[in-house]
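Scroll down for the structure; my scribbles are underneath it.
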Amino acid sequence: MGLSRRNFLKGAAAGGAVAACAATATAPADARENKALPPKAVGLLYDSTLCVGCKACVVACREANGTHPEFSADEKLWDSPLDISGYTLNVIKVYADGTADHKDQEKDGFAFVKKSCMHCVDPSCVSVCPVSAMQKDPETGIVRHDPSACIGCRYCVAACPFGVPRFSWDTPFPRIRKCELCSPRQAEGKIPACAEVCPTGATLFGPVAALRDEAGRRQGLAAGQVTTFARKTVGSSDVHEKAIPTYVPHIYGSTEMGGTQLLMLAGVPFEKLGYPPLRDRSYAAESETIQESLYKGMVGPVVLLGGLLYAVHKHTKNDHEED
Ligand code: SF4
Ligand code: SF4
Ligand code: SF4
């Protein structure tokens, strides 16, 4: 004889009670906070108002990383990448509006902007990588990619809020490439190549805390006030004088996605330069909290299923014994 409807409902109620107890015992997951800046974090401060668009940093980046030039026109006269790629890890782009007469002005003006890895404090590329090929150095905070561990899934490409990791599709052995803050050069006691060659100090290297202070100092001065700007490394004695421009009152990277180790100053709103407003909470913190909740939340349904199977088994057995 089959399981009767009455006995099944009885069993289901019993199983449900067990599951309810289990679900109650499963506390909701605590939200994972954004990760903190590592103690010896280093990075770059890019000041768009100091940049003259010479692209010396693009060439120096190529030399440091052994990549070939890329061309955006049929005539291959000049290294002219339009964006970062599997071969171009650093690019200087141009914003232009109307007559483009005035530097660092939104209307009828123009401005330069750097694009390269932001070295996020809490990077989503690291969070999603299933084989830990993307890693953030616990001391310096530099986000590096290990090609020998990478399986080419490109989760990091999809997860990066800044669209940074790129895949070199056109080679027999494609790989992920991105700026690694010139880690090999730093290991030799050198600074990143882009900061080394920048003639105006628009790209400045140093400890992130000092770069934040320097960005704050510049923003705290009145527009038009003449001050000194260091070249190469924050705090260096290699300086030049220049009047403070009218800055957008925000240091990009100070809060976005939990903060980044590449910080930016500009005279044109960041969204016009390709850097839209982003929330403070990192995607990594959000997604890892949800994952944790899902895993914990699965306990209840599994126990419910177990309870139901047990109830069905028990009452089927009872029904057989009644037969
Ligand atoms: S080297 Fe300096 S000034 Fe020249 S494009 Fe790069 S950031 Fe701008
Ligand atoms: S910018 Fe993208 S690739 Fe760079 S650390 Fe952040 S998430 Fe990773
Ligand atoms: S730090 Fe090195 S790899 Fe990164 S943009 Fe500068 S030169 Fe290129």
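Residues in the structure tokens are named by chain (A, B, ... in the order shown) and by number from 1 within that chain; ligands are numbered from 1 in the order shown.
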
Determine, using only C-alpha atoms and all ligand atoms, which residues of chain A have any atom at most 7 Å from an atom of ligand 2, and tabulate each with its shortest atom pair and distance in Å to one decimal place, rows ordered by chain and then rising number, as a Markdown table.
| residue | atom | partner | partner_atom_place_in_ligand_line | distance |
| --- | --- | --- | --- | --- |
| A:Cys117 | CA | ligand 2 | 4 (Fe) | 4.1 |
| A:Met118 | CA | ligand 2 | 1 (S) | 4.2 |
| A:His119 | CA | ligand 2 | 5 (S) | 3.8 |
| A:Cys120 | CA | ligand 2 | 6 (Fe) | 4.2 |
| A:Pro123 | CA | ligand 2 | 7 (S) | 4.4 |
| A:Ser124 | CA | ligand 2 | 7 (S) | 4.7 |
| A:Cys125 | CA | ligand 2 | 8 (Fe) | 4.3 |
| A:Val126 | CA | ligand 2 | 8 (Fe) | 6.4 |
| A:Val143 | CA | ligand 2 | 5 (S) | 5.5 |
| A:Cys156 | CA | ligand 2 | 3 (S) | 6.9 |
| A:Ala159 | CA | ligand 2 | 7 (S) | 6.8 |
| A:Cys160 | CA | ligand 2 | 7 (S) | 4.0 |
| A:Pro161 | CA | ligand 2 | 2 (Fe) | 6.0 |
| A:Phe162 | CA | ligand 2 | 1 (S) | 5.3 |
| A:Gly163 | CA | ligand 2 | 2 (Fe) | 6.3 |
| A:Val164 | CA | ligand 2 | 3 (S) | 5.0 |
| A:Pro165 | CA | ligand 2 | 3 (S) | 5.1 |
| A:Lys178 | CA | ligand 2 | 3 (S) | 6.9 |

Create the file for the chosen residues now, containing N, CA, C and O atoms and written as a PDB file, in the first residue's frame.
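File written: again-v7.pdb
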ATOM      1  N   CYS A 117      45.816  49.886 -14.168  1.00  0.00           N
ATOM      2  CA  CYS A 117      45.213  49.224 -13.003  1.00  0.00           C
ATOM      3  C   CYS A 117      45.164  50.186 -11.809  1.00  0.00           C
ATOM      4  O   CYS A 117      46.126  50.900 -11.532  1.00  0.00           O
ATOM      5  N   MET A 118      44.039  50.165 -11.093  1.00  0.00           N
ATOM      6  CA  MET A 118      43.856  51.059  -9.945  1.00  0.00           C
ATOM      7  C   MET A 118      44.454  50.472  -8.666  1.00  0.00           C
ATOM      8  O   MET A 118      44.504  51.128  -7.647  1.00  0.00           O
ATOM      9  N   HIS A 119      44.851  49.210  -8.697  1.00  0.00           N
ATOM     10  CA  HIS A 119      45.357  48.527  -7.496  1.00  0.00           C
ATOM     11  C   HIS A 119      44.403  48.763  -6.312  1.00  0.00           C
ATOM     12  O   HIS A 119      44.762  49.386  -5.296  1.00  0.00           O
ATOM     13  N   CYS A 120      43.196  48.237  -6.508  1.00  0.00           N
ATOM     14  CA  CYS A 120      42.126  48.417  -5.520  1.00  0.00           C
ATOM     15  C   CYS A 120      42.557  47.886  -4.153  1.00  0.00           C
ATOM     16  O   CYS A 120      43.267  46.874  -4.058  1.00  0.00           O
ATOM     17  N   PRO A 123      40.268  44.286  -4.028  1.00  0.00           N
ATOM     18  CA  PRO A 123      40.041  44.069  -5.456  1.00  0.00           C
ATOM     19  C   PRO A 123      39.090  42.912  -5.775  1.00  0.00           C
ATOM     20  O   PRO A 123      39.241  41.804  -5.260  1.00  0.00           O
ATOM     21  N   SER A 124      38.147  43.188  -6.673  1.00  0.00           N
ATOM     22  CA  SER A 124      37.216  42.123  -7.071  1.00  0.00           C
ATOM     23  C   SER A 124      37.907  41.099  -7.970  1.00  0.00           C
ATOM     24  O   SER A 124      37.524  39.935  -7.985  1.00  0.00           O
ATOM     25  N   CYS A 125      38.967  41.516  -8.702  1.00  0.00           N
ATOM     26  CA  CYS A 125      39.668  40.538  -9.551  1.00  0.00           C
ATOM     27  C   CYS A 125      40.282  39.440  -8.696  1.00  0.00           C
ATOM     28  O   CYS A 125      40.305  38.269  -9.087  1.00  0.00           O
ATOM     29  N   VAL A 126      40.778  39.811  -7.526  1.00  0.00           N
ATOM     30  CA  VAL A 126      41.361  38.827  -6.603  1.00  0.00           C
ATOM     31  C   VAL A 126      40.261  37.958  -5.999  1.00  0.00           C
ATOM     32  O   VAL A 126      40.391  36.734  -5.891  1.00  0.00           O
ATOM     33  N   VAL A 143      48.569  44.574  -6.771  1.00  0.00           N
ATOM     34  CA  VAL A 143      47.776  43.440  -7.268  1.00  0.00           C
ATOM     35  C   VAL A 143      48.511  42.851  -8.469  1.00  0.00           C
ATOM     36  O   VAL A 143      48.709  43.528  -9.485  1.00  0.00           O
ATOM     37  N   CYS A 156      38.265  37.573 -13.855  1.00  0.00           N
ATOM     38  CA  CYS A 156      38.812  38.868 -13.416  1.00  0.00           C
ATOM     39  C   CYS A 156      38.444  39.969 -14.391  1.00  0.00           C
ATOM     40  O   CYS A 156      38.200  41.109 -13.996  1.00  0.00           O
ATOM     41  N   ALA A 159      34.906  40.889 -13.682  1.00  0.00           N
ATOM     42  CA  ALA A 159      34.634  41.411 -12.329  1.00  0.00           C
ATOM     43  C   ALA A 159      35.211  42.801 -12.087  1.00  0.00           C
ATOM     44  O   ALA A 159      34.730  43.517 -11.212  1.00  0.00           O
ATOM     45  N   CYS A 160      36.221  43.200 -12.816  1.00  0.00           N
ATOM     46  CA  CYS A 160      36.896  44.476 -12.523  1.00  0.00           C
ATOM     47  C   CYS A 160      35.966  45.651 -12.819  1.00  0.00           C
ATOM     48  O   CYS A 160      35.519  45.821 -13.954  1.00  0.00           O
ATOM     49  N   PRO A 161      35.686  46.495 -11.837  1.00  0.00           N
ATOM     50  CA  PRO A 161      34.784  47.638 -12.081  1.00  0.00           C
ATOM     51  C   PRO A 161      35.409  48.708 -12.976  1.00  0.00           C
ATOM     52  O   PRO A 161      34.710  49.586 -13.456  1.00  0.00           O
ATOM     53  N   PHE A 162      36.719  48.615 -13.209  1.00  0.00           N
ATOM     54  CA  PHE A 162      37.400  49.620 -14.033  1.00  0.00           C
ATOM     55  C   PHE A 162      37.793  49.058 -15.405  1.00  0.00           C
ATOM     56  O   PHE A 162      38.461  49.741 -16.186  1.00  0.00           O
ATOM     57  N   GLY A 163      37.395  47.831 -15.713  1.00  0.00           N
ATOM     58  CA  GLY A 163      37.666  47.258 -17.033  1.00  0.00           C
ATOM     59  C   GLY A 163      39.146  47.125 -17.333  1.00  0.00           C
ATOM     60  O   GLY A 163      39.584  47.377 -18.456  1.00  0.00           O
ATOM     61  N   VAL A 164      39.916  46.689 -16.359  1.00  0.00           N
ATOM     62  CA  VAL A 164      41.375  46.721 -16.530  1.00  0.00           C
ATOM     63  C   VAL A 164      41.994  45.429 -17.086  1.00  0.00           C
ATOM     64  O   VAL A 164      42.703  45.506 -18.105  1.00  0.00           O
ATOM     65  N   PRO A 165      41.816  44.267 -16.493  1.00  0.00           N
ATOM     66  CA  PRO A 165      42.572  43.115 -17.023  1.00  0.00           C
ATOM     67  C   PRO A 165      42.177  42.851 -18.485  1.00  0.00           C
ATOM     68  O   PRO A 165      41.002  42.882 -18.832  1.00  0.00           O
ATOM     69  N   LYS A 178      48.020  43.165 -17.167  1.00  0.00           N
ATOM     70  CA  LYS A 178      47.628  44.423 -16.555  1.00  0.00           C
ATOM     71  C   LYS A 178      48.860  45.023 -15.867  1.00  0.00           C
ATOM     72  O   LYS A 178      49.847  44.312 -15.650  1.00  0.00           O
TER      73      LYS A 178
END

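Near Ile244 (chain A), within a cut-off of 12 Å and counting only C-alpha atoms, sit the residues A:Asp47, A:Thr49, A:Leu50, A:Asp104, A:Ala215, A:Arg217, A:Arg218, A:Gln219, A:Gly220, A:Leu221, A:Ala222, A:Ala223, A:Gly224, A:Gln225, A:Val226, A:Thr227, A:Thr228, A:Phe229, A:Glu241, A:Lys242, A:Thr246, A:Tyr247, A:Val248, A:Leu265, A:Ala266, A:Gly267, with same-chain residues fewer than 2 positions away left out.
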
Per-residue nearest contacts of chain A to ligand 1 (8 Å; only C-alpha atoms and all ligand atoms) as a Markdown table:
| residue | atom | partner | partner_atom_place_in_ligand_line | distance |
| --- | --- | --- | --- | --- |
| A:Tyr46 | CA | ligand 1 | 7 (S) | 6.9 |
| A:Asp47 | CA | ligand 1 | 7 (S) | 7.9 |
| A:Ser48 | CA | ligand 1 | 8 (Fe) | 7.5 |
| A:Leu50 | CA | ligand 1 | 3 (S) | 6.6 |
| A:Cys51 | CA | ligand 1 | 8 (Fe) | 3.7 |
| A:Val52 | CA | ligand 1 | 3 (S) | 4.4 |
| A:Gly53 | CA | ligand 1 | 5 (S) | 3.8 |
| A:Cys54 | CA | ligand 1 | 4 (Fe) | 3.9 |
| A:Lys55 | CA | ligand 1 | 5 (S) | 3.6 |
| A:Ala56 | CA | ligand 1 | 1 (S) | 4.2 |
| A:Cys57 | CA | ligand 1 | 1 (S) | 4.1 |
| A:Val58 | CA | ligand 1 | 6 (Fe) | 6.5 |
| A:Ile92 | CA | ligand 1 | 5 (S) | 6.0 |
| A:Phe112 | CA | ligand 1 | 8 (Fe) | 7.3 |
| A:Val113 | CA | ligand 1 | 8 (Fe) | 7.9 |
| A:Lys114 | CA | ligand 1 | 7 (S) | 6.9 |
| A:Cys194 | CA | ligand 1 | 1 (S) | 6.4 |
| A:Ala195 | CA | ligand 1 | 2 (Fe) | 7.3 |
| A:Val197 | CA | ligand 1 | 1 (S) | 5.9 |
| A:Cys198 | CA | ligand 1 | 1 (S) | 3.6 |
| A:Pro199 | CA | ligand 1 | 2 (Fe) | 5.8 |
| A:Thr200 | CA | ligand 1 | 3 (S) | 5.5 |
| A:Gly201 | CA | ligand 1 | 2 (Fe) | 6.3 |
| A:Ala202 | CA | ligand 1 | 7 (S) | 4.9 |
| A:Thr203 | CA | ligand 1 | 7 (S) | 4.9 |

Those residues you just picked out, can you put them in a file as a CSV table (one decimal), in the first residue's frame with N, CA, C and O atoms?
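Once written, selection.csv looks like this:
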chain,number,residue,atom,x,y,z
A,46,TYR,N,48.0,60.4,-9.8
A,46,TYR,CA,48.0,61.0,-11.2
A,46,TYR,C,47.2,62.3,-11.1
A,46,TYR,O,46.0,62.3,-10.7
A,47,ASP,N,47.9,63.4,-11.4
A,47,ASP,CA,47.2,64.7,-11.4
A,47,ASP,C,47.0,65.2,-12.9
A,47,ASP,O,48.0,65.6,-13.5
A,48,SER,N,45.8,65.0,-13.3
A,48,SER,CA,45.5,65.3,-14.7
A,48,SER,C,45.8,66.8,-15.1
A,48,SER,O,46.2,67.0,-16.2
A,50,LEU,N,48.4,68.4,-14.3
A,50,LEU,CA,49.9,68.5,-14.5
A,50,LEU,C,50.3,67.8,-15.8
A,50,LEU,O,51.4,68.0,-16.3
A,51,CYS,N,49.4,66.9,-16.3
A,51,CYS,CA,49.7,66.1,-17.4
A,51,CYS,C,49.7,66.9,-18.7
A,51,CYS,O,48.7,67.6,-19.0
A,52,VAL,N,50.8,66.8,-19.5
A,52,VAL,CA,50.8,67.5,-20.8
A,52,VAL,C,50.6,66.5,-22.0
A,52,VAL,O,50.8,66.9,-23.2
A,53,GLY,N,50.3,65.3,-21.7
A,53,GLY,CA,49.9,64.4,-22.8
A,53,GLY,C,51.1,63.9,-23.6
A,53,GLY,O,50.9,63.5,-24.8
A,54,CYS,N,52.3,64.0,-23.1
A,54,CYS,CA,53.5,63.6,-23.9
A,54,CYS,C,53.6,62.1,-24.1
A,54,CYS,O,54.3,61.7,-25.0
A,55,LYS,N,52.9,61.3,-23.3
A,55,LYS,CA,52.9,59.8,-23.4
A,55,LYS,C,54.2,59.2,-23.2
A,55,LYS,O,54.5,58.0,-23.6
A,56,ALA,N,55.2,59.9,-22.6
A,56,ALA,CA,56.4,59.3,-22.2
A,56,ALA,C,56.2,58.1,-21.3
A,56,ALA,O,56.9,57.1,-21.4
A,57,CYS,N,55.1,58.2,-20.5
A,57,CYS,CA,54.8,57.2,-19.5
A,57,CYS,C,54.3,55.9,-20.3
A,57,CYS,O,54.5,54.8,-19.8
A,58,VAL,N,53.6,56.1,-21.4
A,58,VAL,CA,53.1,55.0,-22.2
A,58,VAL,C,54.3,54.2,-22.8
A,58,VAL,O,54.4,53.0,-22.7
A,92,ILE,N,47.3,57.1,-22.0
A,92,ILE,CA,46.8,58.5,-21.7
A,92,ILE,C,45.8,58.8,-22.7
A,92,ILE,O,46.0,58.8,-24.0
A,112,PHE,N,43.7,65.5,-20.1
A,112,PHE,CA,44.3,64.2,-20.2
A,112,PHE,C,43.9,63.3,-19.1
A,112,PHE,O,43.7,63.8,-17.9
A,113,VAL,N,43.9,62.0,-19.3
A,113,VAL,CA,43.6,61.1,-18.2
A,113,VAL,C,44.3,59.8,-18.4
A,113,VAL,O,44.4,59.3,-19.5
A,114,LYS,N,44.8,59.3,-17.3
A,114,LYS,CA,45.5,58.0,-17.4
A,114,LYS,C,44.6,56.8,-17.1
A,114,LYS,O,43.6,56.9,-16.4
A,194,CYS,N,56.6,54.7,-15.3
A,194,CYS,CA,55.8,55.8,-15.7
A,194,CYS,C,56.1,57.0,-14.9
A,194,CYS,O,56.1,58.2,-15.4
A,195,ALA,N,56.3,56.8,-13.6
A,195,ALA,CA,56.6,57.9,-12.7
A,195,ALA,C,58.1,58.4,-12.9
A,195,ALA,O,58.3,59.6,-12.8
A,197,VAL,N,59.7,58.6,-15.7
A,197,VAL,CA,60.0,59.5,-16.9
A,197,VAL,C,59.1,60.7,-16.9
A,197,VAL,O,59.3,61.6,-17.8
A,198,CYS,N,58.0,60.8,-16.1
A,198,CYS,CA,57.1,61.9,-16.3
A,198,CYS,C,57.7,63.2,-16.0
A,198,CYS,O,58.3,63.5,-14.9
A,199,PRO,N,57.7,64.1,-17.0
A,199,PRO,CA,58.5,65.4,-16.9
A,199,PRO,C,57.9,66.4,-15.9
A,199,PRO,O,58.5,67.3,-15.5
A,200,THR,N,56.6,66.2,-15.6
A,200,THR,CA,55.9,67.2,-14.8
A,200,THR,C,55.5,66.7,-13.4
A,200,THR,O,54.9,67.5,-12.6
A,201,GLY,N,55.7,65.4,-13.2
A,201,GLY,CA,55.3,64.9,-11.9
A,201,GLY,C,53.8,64.6,-11.9
A,201,GLY,O,53.2,64.4,-10.8
A,202,ALA,N,53.2,64.6,-13.1
A,202,ALA,CA,51.7,64.3,-13.2
A,202,ALA,C,51.5,62.8,-12.7
A,202,ALA,O,50.5,62.6,-12.1
A,203,THR,N,52.5,61.9,-12.9
A,203,THR,CA,52.4,60.6,-12.3
A,203,THR,C,53.5,60.5,-11.3
A,203,THR,O,54.7,60.7,-11.6

Could you make a table, as CSV, of the residues of chain A that have an atom within 9 Å of an atom of ligand 3, each with its nearest atom pair and distance in Å to one decimal, counting only C-alpha atoms and all ligand atoms, in chain and number order?
residue,atom,partner,partner_atom_place_in_ligand_line,distance
A:Gly43,CA,ligand 3,1 (S),8.3
A:Leu44,CA,ligand 3,1 (S),7.9
A:Cys57,CA,ligand 3,7 (S),6.4
A:Val58,CA,ligand 3,8 (Fe),7.0
A:Val59,CA,ligand 3,7 (S),8.4
A:Ala60,CA,ligand 3,7 (S),6.0
A:Cys61,CA,ligand 3,7 (S),3.6
A:Arg62,CA,ligand 3,8 (Fe),7.0
A:Glu63,CA,ligand 3,7 (S),8.3
A:Ala64,CA,ligand 3,7 (S),6.4
A:Asn65,CA,ligand 3,3 (S),6.6
A:Thr88,CA,ligand 3,8 (Fe),8.3
A:Leu89,CA,ligand 3,8 (Fe),5.6
A:Asn90,CA,ligand 3,5 (S),4.5
A:Val91,CA,ligand 3,5 (S),7.8
A:Lys114,CA,ligand 3,5 (S),8.7
A:Lys115,CA,ligand 3,5 (S),8.0
A:Ser116,CA,ligand 3,5 (S),5.6
A:Cys117,CA,ligand 3,4 (Fe),7.0
A:Lys178,CA,ligand 3,3 (S),7.2
A:Cys179,CA,ligand 3,3 (S),3.9
A:Glu180,CA,ligand 3,3 (S),5.2
A:Leu181,CA,ligand 3,1 (S),3.5
A:Cys182,CA,ligand 3,2 (Fe),3.9
A:Ser183,CA,ligand 3,2 (Fe),7.6
A:Arg185,CA,ligand 3,2 (Fe),8.2
A:Ile191,CA,ligand 3,1 (S),8.1
A:Pro192,CA,ligand 3,1 (S),4.5
A:Ala193,CA,ligand 3,7 (S),4.3
A:Cys194,CA,ligand 3,7 (S),4.1
A:Ala195,CA,ligand 3,6 (Fe),6.6
A:Glu196,CA,ligand 3,7 (S),8.5
A:Thr203,CA,ligand 3,6 (Fe),8.5
A:Phe205,CA,ligand 3,1 (S),8.6

Among region 88-239 of chain A, which ones does DSSP assign to alpha helix (DSSP H) (computed from the backbone)? Answer as a short mmCIF file (atom, residue, chain, number, x, y, z; two decimals) with N, CA, C and O atoms, in the first residue's frame.
data_model
loop_
_atom_site.label_atom_id
_atom_site.label_comp_id
_atom_site.auth_asym_id
_atom_site.auth_seq_id
_atom_site.Cartn_x
_atom_site.Cartn_y
_atom_site.Cartn_z
N SER A 124 38.15 43.19 -6.67
CA SER A 124 37.22 42.12 -7.07
C SER A 124 37.91 41.10 -7.97
O SER A 124 37.52 39.93 -7.99
N CYS A 125 38.97 41.52 -8.70
CA CYS A 125 39.67 40.54 -9.55
C CYS A 125 40.28 39.44 -8.70
O CYS A 125 40.30 38.27 -9.09
N VAL A 126 40.78 39.81 -7.53
CA VAL A 126 41.36 38.83 -6.60
C VAL A 126 40.26 37.96 -6.00
O VAL A 126 40.39 36.73 -5.89
N SER A 127 39.14 38.60 -5.66
CA SER A 127 38.05 37.89 -5.01
C SER A 127 37.47 36.79 -5.89
O SER A 127 37.14 35.72 -5.41
N VAL A 128 37.34 37.07 -7.21
CA VAL A 128 36.66 36.09 -8.08
C VAL A 128 37.60 35.04 -8.64
O VAL A 128 37.13 34.02 -9.14
N TYR A 155 37.38 35.46 -15.39
CA TYR A 155 36.47 36.01 -14.38
C TYR A 155 36.93 37.41 -13.95
O TYR A 155 36.14 38.28 -13.69
N CYS A 156 38.27 37.57 -13.85
CA CYS A 156 38.81 38.87 -13.42
C CYS A 156 38.44 39.97 -14.39
O CYS A 156 38.20 41.11 -14.00
N VAL A 157 38.40 39.62 -15.68
CA VAL A 157 38.05 40.60 -16.71
C VAL A 157 36.62 41.08 -16.48
O VAL A 157 36.32 42.27 -16.53
N ALA A 158 35.73 40.12 -16.20
CA ALA A 158 34.32 40.46 -16.00
C ALA A 158 34.10 41.20 -14.68
O ALA A 158 33.21 42.04 -14.58
N ALA A 159 34.91 40.89 -13.68
CA ALA A 159 34.63 41.41 -12.33
C ALA A 159 35.21 42.80 -12.09
O ALA A 159 34.73 43.52 -11.21
N SER A 183 56.42 45.88 -10.42
CA SER A 183 56.98 45.10 -9.31
C SER A 183 58.42 44.67 -9.55
O SER A 183 59.26 44.77 -8.64
N PRO A 184 58.76 44.18 -10.76
CA PRO A 184 60.16 43.78 -10.98
C PRO A 184 61.12 44.95 -10.82
O PRO A 184 62.20 44.80 -10.26
N ARG A 185 60.72 46.13 -11.28
CA ARG A 185 61.59 47.32 -11.10
C ARG A 185 61.71 47.66 -9.62
O ARG A 185 62.80 47.99 -9.13
N GLN A 186 60.59 47.59 -8.91
CA GLN A 186 60.64 47.92 -7.48
C GLN A 186 61.54 46.94 -6.73
O GLN A 186 62.23 47.33 -5.77
N ALA A 187 61.53 45.68 -7.17
CA ALA A 187 62.40 44.69 -6.52
C ALA A 187 63.87 45.04 -6.71
O ALA A 187 64.73 44.64 -5.92
N ALA A 193 58.20 52.81 -13.93
CA ALA A 193 58.75 53.50 -15.10
C ALA A 193 57.95 54.73 -15.48
O ALA A 193 58.51 55.74 -15.90
N CYS A 194 56.64 54.66 -15.33
CA CYS A 194 55.80 55.80 -15.74
C CYS A 194 56.07 57.01 -14.87
O CYS A 194 56.05 58.15 -15.36
N ALA A 195 56.32 56.79 -13.59
CA ALA A 195 56.64 57.91 -12.69
C ALA A 195 58.06 58.40 -12.92
O ALA A 195 58.35 59.59 -12.82
N GLU A 196 58.95 57.47 -13.25
CA GLU A 196 60.36 57.81 -13.47
C GLU A 196 60.52 58.82 -14.60
O GLU A 196 61.33 59.75 -14.51
N VAL A 197 59.74 58.65 -15.67
CA VAL A 197 59.97 59.48 -16.87
C VAL A 197 59.06 60.70 -16.94
O VAL A 197 59.29 61.58 -17.78
N VAL A 208 50.98 55.20 -0.22
CA VAL A 208 49.63 55.70 -0.48
C VAL A 208 49.24 56.77 0.54
O VAL A 208 48.60 57.77 0.19
N ALA A 209 49.63 56.59 1.79
CA ALA A 209 49.27 57.58 2.82
C ALA A 209 49.86 58.95 2.47
O ALA A 209 49.19 59.98 2.59
N ALA A 210 51.12 58.96 2.00
CA ALA A 210 51.76 60.23 1.64
C ALA A 210 51.13 60.82 0.38
O ALA A 210 51.00 62.04 0.24
N LEU A 211 50.75 59.95 -0.55
CA LEU A 211 50.09 60.43 -1.78
C LEU A 211 48.73 61.05 -1.45
O LEU A 211 48.35 62.07 -2.03
N ARG A 212 48.02 60.44 -0.51
CA ARG A 212 46.73 61.01 -0.08
C ARG A 212 46.94 62.39 0.54
O ARG A 212 46.19 63.33 0.27
N ASP A 213 47.98 62.47 1.40
CA ASP A 213 48.28 63.76 2.04
C ASP A 213 48.61 64.83 0.99
O ASP A 213 48.17 65.97 1.09
N GLU A 214 49.40 64.43 0.00
CA GLU A 214 49.81 65.38 -1.03
C GLU A 214 48.60 65.82 -1.85
O GLU A 214 48.46 67.02 -2.17
N ALA A 215 47.74 64.89 -2.17
CA ALA A 215 46.52 65.24 -2.93
C ALA A 215 45.66 66.20 -2.10
O ALA A 215 45.14 67.19 -2.62
N GLY A 216 45.55 65.92 -0.79
CA GLY A 216 44.78 66.80 0.10
C GLY A 216 45.41 68.18 0.21
O GLY A 216 44.71 69.20 0.24
N ARG A 217 46.75 68.22 0.25
CA ARG A 217 47.45 69.52 0.33
C ARG A 217 47.12 70.37 -0.89
O ARG A 217 46.78 71.55 -0.77
N ARG A 218 47.18 69.75 -2.07
CA ARG A 218 46.91 70.51 -3.29
C ARG A 218 45.46 71.02 -3.29
O ARG A 218 45.20 72.16 -3.68
N GLN A 219 44.56 70.18 -2.85
CA GLN A 219 43.16 70.60 -2.86
C GLN A 219 42.88 71.66 -1.80
O GLN A 219 41.92 72.41 -1.93
N GLY A 220 43.71 71.70 -0.77
CA GLY A 220 43.51 72.67 0.30
C GLY A 220 44.01 74.06 -0.04
O GLY A 220 43.72 75.03 0.67
#

Contacts of Ile176 (chain A) at 12 Å (only C-alpha atoms; same-chain gap of 4+ positions) as a ChimeraX atom specification: /A:85-89,125,133-134,144-157,164-169,171,180

Of the listed residues A:Leu45, A:Asp238, A:Ser132, A:Lys35, that which approaches Glu288 (chain A) most closely, counting only C-alpha atoms: A:Lys35

Pairwise distance for CA of Arg231 (chain A) and CA of Gly189 (chain A), rounded to one decimal in Å: 17.2 Å

DSSP-assigned strand (DSSP E or B) among region 164-246 of chain A, expressed as a PyMOL selection string: chain A and resi 166-167+176-177+203-207+226-230+233+239-243
